[in-house]
$ cat entry23.txt   # compact mmCIF, C-alpha atoms
# COMPACT_ATOMS: atom_id res chain seq x y z
CA MET A 1 10.63 -1.68 -31.19
CA THR A 2 10.46 0.99 -28.48
CA ASP A 3 13.18 1.17 -25.87
CA LEU A 4 12.05 0.65 -22.30
CA VAL A 5 13.69 1.79 -19.09
CA VAL A 6 13.10 -0.38 -16.02
CA GLU A 7 13.68 1.32 -12.68
CA VAL A 8 13.83 -0.32 -9.26
CA GLY A 9 12.53 1.77 -6.38
CA ALA A 10 11.29 4.62 -8.58
CA GLU A 11 8.50 6.80 -7.24
CA VAL A 12 5.12 6.25 -8.84
CA THR A 13 1.94 8.23 -8.22
CA SER A 14 -1.70 7.25 -7.97
CA ASP A 15 -2.34 9.31 -11.11
CA GLU A 16 0.23 7.30 -13.10
CA LEU A 17 -1.15 3.99 -11.84
CA ASN A 18 -4.72 5.04 -12.62
CA VAL A 19 -3.70 5.81 -16.23
CA LEU A 20 -2.19 2.33 -16.50
CA PHE A 21 -5.17 0.61 -14.88
CA ARG A 22 -7.68 2.52 -17.09
CA ALA A 23 -5.80 1.37 -20.20
CA ALA A 24 -5.71 -2.24 -18.99
CA TRP A 25 -9.15 -2.65 -17.41
CA PRO A 26 -12.25 -1.06 -18.91
CA GLY A 27 -14.46 0.28 -16.15
CA HIS A 28 -11.55 0.94 -13.77
CA ARG A 29 -12.42 3.56 -11.16
CA ASP A 30 -9.67 5.89 -10.03
CA THR A 31 -8.14 4.74 -6.77
CA ASP A 32 -5.84 6.24 -4.18
CA PHE A 33 -2.89 3.83 -4.31
CA GLY A 34 -1.07 5.68 -1.49
CA PRO A 35 -1.90 3.12 1.23
CA VAL A 36 -0.77 0.24 -1.00
CA LEU A 37 2.41 2.00 -2.10
CA SER A 38 3.31 2.89 1.49
CA ARG A 39 3.37 -0.83 2.35
CA SER A 40 5.17 -1.95 -0.80
CA LEU A 41 8.58 -3.44 -0.17
CA LEU A 42 9.72 -3.08 -3.77
CA ARG A 43 8.57 -1.20 -6.86
CA VAL A 44 9.74 -2.08 -10.37
CA THR A 45 8.43 0.40 -12.91
CA PRO A 46 8.70 0.49 -16.70
CA ALA A 47 8.99 3.82 -18.46
CA ALA A 48 9.61 5.05 -21.96
CA PRO A 49 12.83 7.07 -22.09
CA GLY A 50 11.86 10.61 -21.15
CA GLY A 51 8.29 9.50 -20.42
CA SER A 52 6.27 8.81 -17.31
CA SER A 53 6.07 5.50 -15.50
CA GLY A 54 3.64 2.96 -16.76
CA THR A 55 2.68 4.78 -19.94
$ encode --input "entry23.txt" --output "structure tokens"
Amino acid sequence: MTDLVVEVGAEVTSDELNVLFRAAWPGHRDTDFGPVLSRSLLRVTPAAPGGSSGT
């Protein structure tokens, strides 16, 4: 089992979210998540220790 770090309020980029969405949804088109993230009240992000968010 791989350890997982969960962070509250961590910064996440559109690039990181697009990697996650491409892995989860075939046919995903890259999106600028900036407008959504700017209105988000809370972000909870998983990350592998020493790795990037969402991957």
$ atom_distance --input "entry23.txt" --atom1 "CA of Arg29 (chain A)" --atom2 "CA of Asp3 (chain A)"
29.6 Å
$ residues_around --input "entry23.txt" --residues "Leu17 (chain A)" --least-positions-apart "5" --cutoff "12 Å" --atoms "all atoms listed in the file" --output "list in words"
Glu11, Val12, Arg22, Ala23, Ala24, Trp25, His28, Arg29, Asp30, Thr31, Asp32, Phe33, Gly34, Val36, Leu37, Thr45, Pro46, Ser52, Ser53, Gly54 and Thr55 of chain A
$ residues_around --input "entry23.txt" --residues "Leu42 (chain A)" --least-positions-apart "2" --cutoff "8 Å" --atoms "only C-alpha atoms" --output "ChimeraX atom specification"
/A:8-9,40,44
$ atom_distance --input "entry23.txt" --atom1 "CA of Leu4 (chain A)" --atom2 "CA of Asn18 (chain A)"
19.9 Å
$ atom_distance --input "entry23.txt" --atom1 "CA of Val19 (chain A)" --atom2 "CA of Ala48 (chain A)"
14.5 Å
$ axis_aligned_box --input "entry23.txt" --around "region 4-13 of chain A" --padding-each-side "8 Å" --output "AutoDock Vina command-line options"
--center_x 7.9 --center_y 3.9 --center_z -14.3 --size_x 27.9 --size_y 24.6 --size_z 31.9
$ decode --input "entry23.txt" --residues "chain A" --atoms "C-alpha atoms" --output "tab-separated table (two decimals), in the first residue's frame"
chain	number	residue	atom	x	y	z
A	1	MET	CA	0.00	0.00	0.00
A	2	THR	CA	1.28	3.46	-0.90
A	3	ASP	CA	1.28	6.20	1.70
A	4	LEU	CA	-0.84	9.22	0.90
A	5	VAL	CA	-0.55	12.75	2.21
A	6	VAL	CA	-3.78	14.76	2.42
A	7	GLU	CA	-3.36	18.52	2.54
A	8	VAL	CA	-6.02	21.12	3.31
A	9	GLY	CA	-5.65	24.43	1.51
A	10	ALA	CA	-2.71	23.32	-0.62
A	11	GLU	CA	-2.13	25.11	-3.91
A	12	VAL	CA	-3.04	23.12	-7.00
A	13	THR	CA	-2.49	24.13	-10.62
A	14	SER	CA	-4.54	23.68	-13.76
A	15	ASP	CA	-1.75	21.46	-15.11
A	16	GLU	CA	-2.00	19.12	-12.10
A	17	LEU	CA	-5.79	18.97	-12.34
A	18	ASN	CA	-5.66	18.30	-16.08
A	19	VAL	CA	-3.32	15.32	-15.47
A	20	LEU	CA	-5.82	13.94	-12.96
A	21	PHE	CA	-8.84	14.56	-15.20
A	22	ARG	CA	-7.09	12.98	-18.25
A	23	ALA	CA	-6.38	9.84	-16.20
A	24	ALA	CA	-9.97	9.65	-14.95
A	25	TRP	CA	-11.96	10.67	-18.04
A	26	PRO	CA	-10.93	9.58	-21.53
A	27	GLY	CA	-11.45	12.44	-23.95
A	28	HIS	CA	-10.89	15.14	-21.32
A	29	ARG	CA	-9.82	18.43	-22.89
A	30	ASP	CA	-7.36	20.57	-20.96
A	31	THR	CA	-9.13	23.31	-19.06
A	32	ASP	CA	-8.09	26.46	-17.25
A	33	PHE	CA	-9.27	25.73	-13.71
A	34	GLY	CA	-8.15	29.18	-12.47
A	35	PRO	CA	-11.65	30.70	-12.36
A	36	VAL	CA	-13.02	27.68	-10.47
A	37	LEU	CA	-10.10	27.59	-8.03
A	38	SER	CA	-10.39	31.32	-7.34
A	39	ARG	CA	-13.95	30.77	-6.09
A	40	SER	CA	-13.22	27.59	-4.14
A	41	LEU	CA	-13.74	27.94	-0.41
A	42	LEU	CA	-11.73	24.83	0.44
A	43	ARG	CA	-9.28	22.55	-1.33
A	44	VAL	CA	-8.38	19.09	-0.06
A	45	THR	CA	-5.65	17.51	-2.16
A	46	PRO	CA	-4.09	14.05	-2.05
A	47	ALA	CA	-0.42	13.66	-2.87
A	48	ALA	CA	2.16	10.92	-2.78
A	49	PRO	CA	4.94	11.81	-0.36
A	50	GLY	CA	7.41	13.88	-2.35
A	51	GLY	CA	5.09	13.85	-5.37
A	52	SER	CA	2.72	16.29	-6.97
A	53	SER	CA	-0.92	16.75	-6.07
A	54	GLY	CA	-3.42	14.44	-7.63
A	55	THR	CA	-0.92	12.08	-9.21
